[in-house]
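Below: the structure, in structure tokens.
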Amino acid sequence: MSIMGNNTEELLNLTVSGFHQYVLCPEPQLSFVSQNLCGMVGFSLSELTGSAGDRYGAMVHPADREVYREHMDKLKSPGQSGSAEYRLIKKDGSVIWVRDAAVSASLSHGTVTVSSVLTDITELKRENENLRFLNDTIPCGFVKYTCEKQPRVTYINSRMMEILRSPEPRQGESDYMEMYKNNILLMVPMEERNRFVRYLDRVCLGGTPVAGELTLLRMDGTRARVFGWVIKTLGADGKPEFQSACVDITQGHKTRRAEEAKRYLNALSEVYDKIFEVSTESNTVKCLHCSENSSLKKFEGIGVRFEDALEKWLLPTVEPEYREAVADFFTRHCHKMQEDEGKPPQIGYRGRGSDGTPRQYTGIFITMDRNVTLYCSHEVRESEERKALRDENALLKEGMKDLMMRFSDGIAAFEVLPDRQVKPLYASDNVCRFFGYTGEQWLSLTKCYTPLEDFVKYSDASYEDFDRLLRNGEAEFTYLDCDTSAERKIKAVCSRRETGDKTPGYVMLYAVGDRDFEDNGSSGERGKVSIRTFGYFDVFVGGKPIAFRNKKSKELFALLVDRRGGYVTSEEAIGFLWEEEPVNAMTLSRYRKVALRLKNTLEEYGISDVVETVDGKRRIVMEKVRCDLYDYLSGREEYARNFKGSYLTNYSWGEITLGELTGTLGER
């Protein structure tokens with residue numbers, strides 16, 4: 001029996017989701033069913049109303065029938081309203097979640113009817129179940145935020161608020177959670193913010209998730225270490241959004257850092273007599289290591305104020321004429337008032353040992369993290385220093401002899417004093433000829449020092465060329481090969497045991513190139529260098545792998561290959577090679593060394609021309625190499641099966657290109 005007028009029925013059929021009516025007899029029966037409800041559950045109107053019994057109740061999931069029964073019991077009296085969430089089993093056997101909002105009324109003859117509207121909440125429940133699974137099993141902090149330049153938080157779960165230590169807002173105080181929600185970057189420390197933004201850019205552009213560790217700023221001023229991941233997806237409003245889930249690993253991170261610091265301290269204690277921990281956060285100094293007979297032994301592990309440590313621990317052992325310099329050095333670097341020059345700051349001074357005798361000491365600052373540095377000092381034992389120097393010279397000479405045996409076609413080494421006085425060490429006949437000397441003349445030169453102008457005056461290269469070598473640290477010349485009567489290239493590298501121009505320099509010259517590859521034709525060059533990117537990254541020259549001596553220089557080469565001929569700037573390369581470190585003087589200096597090592601390695605194998613450098617930017621010259629990636633992307637049929645699903649397995653940043661390749665694999 002329907003209690004609806006025709007117009008009302010039409011309206012409910014078209015606009016009200018899942019509308020239906022019960023008559024509450026001893027056993028409830030459906031008196032009206034809208035077309036919306038039929039479409040929602042897959043049953044026809046006749047199937048729901050044409051047979052006796054509670055057909056709607058039969059669709060309720062067995063596990064939810066108690067919830068449904070309690071919901072109906074609340075509606076037995078007229079004028080009641082209520083809602084409940086439960087599952088319905090559709091005709092095809094699938095299950096949907098619904099929210100049932102109902103109201104009861106009394107008819108003129110006393111019969112109670114219930115009008116009910118259903119809302120399909122399946123997707124919402126599924127999403128909540130996923131979040132609940134994460135919370136129950138890991139548990140995870142979960143955040144949703146916009147893809148804007150200053151991302152805004154649209155959802156944050158309770159676990160994430162616990163990780164961030166969100167306080168209850170008090171009257172007159174800032175609501176930190178609202179600040180964090182308006183700009184998620186406030187959660188990330190300044191020194192890690194650039195890395196986090198690069199991760200978001202990578203996810204946004206590449207469409208692939210990124211995972212890793214990150215430090216977060218809690219709202220109470222402390223820091224948390226989390227492991228998590230970021231994905232890009234569509235939000236409920238259909239707009240792109242980021243979603244991040246993370247696990248708090250702060251305690252494990254602290255334990256790991258403490259163990260690493262302990263191992264590092266043990267290694268330092270083998271070299272330094274005294275080691276002090278300086279904390280800029282608490283303005284304290286703590287003695288971590290000293291000799292057994294030191295007066296500081298009883299204070300080991302006890303932190304004191306910075307000023308007290310300087311006056312009572314350090315300066316009393318320093319000779320008076322050095323105290324002002326030591327105090328200034330210690331104060332400046334403890335409080336980091338002097339900019340980092342890319343190397344640990346050091347100082348030499350005279351002090352007195354425990355027996356009262358004057359001795360030479362060296363002090364050095366080593367940075368542990370943003371708040372902690374170590375000040376280490378040790379006595380410079382002159383006899384040991386001289387012995388080490390003699391041993392090093394002996395090793396150098398033996399090394400020269402070994403190199404001479406292996407590279408007799410062109411190598412030399414000589415020492416250059418700060419005043420440009422030169423003393424040759426070794427040279428092959430080819431290089432003697434390059435400098436314009438016979439073997440006997442060269443031998444006589446090894447017994448004394450000669451002014452650089454006189455030493456090079458018979459050479460084809462000018463004095464300015466050699467002066468530039470000493471200033472820049474490297475140069476390249478040509479020489480006549482005695483065996484082949486052909487011109488060949490020679491590489492010169494100048495290095496120093498210590499930094500600065502006031503220490504002796506040692507220049508090594510060696511041949512560049514390989515006689516096996518004299519053909520400069522493009523096809524020969526391309527066949528000579530082959531690169532493997534599918535799987536682990538490796539480079540082969542003439543079928544033999546290059547033995548990179550430095551992991552970062554190999555990674556830099558892989559980055560150039562991945563860029564496919566595009567230029568890579570220093571800043572971009574640093575962002576990939578040292579993802580957790582900002583671009584500063586230290587990382588730029590480190591990158592230049594890596595780039596120089598890569599250049600030297602390529603020159604050693606005679607393939608320096610495969611990398612082109614312009615104004616500090618580098619790129620791979622694709623025409624001069626054979627690469628499985630380039631072959632695959634050419635679209636030629638014979639290379640279509642090269643890619644098997646793995647790419648640059650050595651390096652995490654290769655995931656972006658891997659995502660592109662996986663897409664092309666699906667298309668093929």
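Identifiers for the structure tokens are assigned positionally: chains receive A, B, ... in sequence, residues are indexed from 1 per chain, and ligands are indexed from 1 in the order shown.
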Taking 6 positions as the minimum chain separation for residues in the same chain, which residues sit within 10 Å of Ser116 in chain A when counting only C-alpha atoms? Answer as number ranges by chain.
A: 16-22, 33, 81-83, 99-104
So how many Å separate CA of Ile531 in chain A and CA of Asp628 in chain A, to one decimal?
6.7 Å
So that I can check the secondary structure, give me every residue of range 7-119 of chain A assigned helix (DSSP H, G or I) by backbone DSSP, as a PyMOL selection string.
chain A and resi 7-15+35-41+45-49+55-59+62-73
Could you please take those selected residues and save C-alpha atoms as a short mmCIF file (atom, residue, chain, number, x, y, z; two decimals), in the first residue's frame?
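Contents of the output file part-v1.cif:
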data_model
loop_
_atom_site.label_atom_id
_atom_site.label_comp_id
_atom_site.auth_asym_id
_atom_site.auth_seq_id
_atom_site.Cartn_x
_atom_site.Cartn_y
_atom_site.Cartn_z
CA ASN A 7 3.45 13.82 -8.04
CA THR A 8 5.24 13.04 -4.81
CA GLU A 9 6.18 9.59 -6.03
CA GLU A 10 7.65 11.00 -9.21
CA LEU A 11 9.66 13.55 -7.23
CA LEU A 12 11.06 10.93 -4.85
CA ASN A 13 11.90 8.57 -7.69
CA LEU A 14 13.99 11.18 -9.45
CA THR A 15 15.69 13.18 -6.70
CA GLN A 35 13.54 3.77 -8.53
CA ASN A 36 16.70 5.17 -6.90
CA LEU A 37 16.72 2.33 -4.38
CA CYS A 38 16.17 -0.28 -7.09
CA GLY A 39 19.12 1.08 -9.02
CA MET A 40 21.25 1.12 -5.89
CA VAL A 41 20.70 -2.56 -4.94
CA LEU A 45 10.36 -3.07 -7.82
CA SER A 46 8.35 -6.31 -7.99
CA GLU A 47 11.15 -8.28 -6.32
CA LEU A 48 11.23 -5.88 -3.37
CA THR A 49 7.45 -5.38 -2.91
CA ARG A 55 12.58 -7.98 1.74
CA TYR A 56 14.67 -4.97 2.71
CA GLY A 57 15.84 -6.57 5.97
CA ALA A 58 16.91 -9.63 3.99
CA MET A 59 19.39 -7.46 2.04
CA PRO A 62 24.37 -10.67 8.39
CA ALA A 63 27.14 -9.04 10.44
CA ASP A 64 25.19 -5.74 10.54
CA ARG A 65 21.65 -7.05 11.24
CA GLU A 66 21.91 -6.30 14.96
CA VAL A 67 22.75 -2.67 14.12
CA TYR A 68 19.79 -2.56 11.72
CA ARG A 69 17.44 -4.13 14.32
CA GLU A 70 18.41 -1.55 16.97
CA HIS A 71 17.91 1.22 14.40
CA MET A 72 14.36 0.00 13.65
CA ASP A 73 13.50 -0.45 17.35
#
So the first atom is CA of Glu580 in chain A and the second is CA of Val278 in chain A; what is the distance between them in Å, to one decimal place?
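Distance reported for this atom pair: 23.6 Å.
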I want to know what sits within 12 Å of Asp562 in chain A, based on only C-alpha atoms, with residues of the same chain fewer than 2 positions away left out; could you give that as JSON, numbers by chain?
{"A": [531, 532, 533, 534, 537, 555, 556, 557, 558, 559, 560, 564, 565, 566, 567, 568, 573, 576, 619, 620, 621, 622, 627, 628, 629, 630, 647, 648, 651, 653, 654, 655, 656, 657, 658, 660, 661]}
Name the closest residue to Gly110 in chain A among the candidates A:Arg165, A:Lys125, A:Cys25, A:Ile231; distances are taken between atoms, counting only C-alpha atoms.
A:Cys25
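Counting from CA of Glu192 in chain A, the distance to CA of Glu581 in chain A is 7.5 Å.
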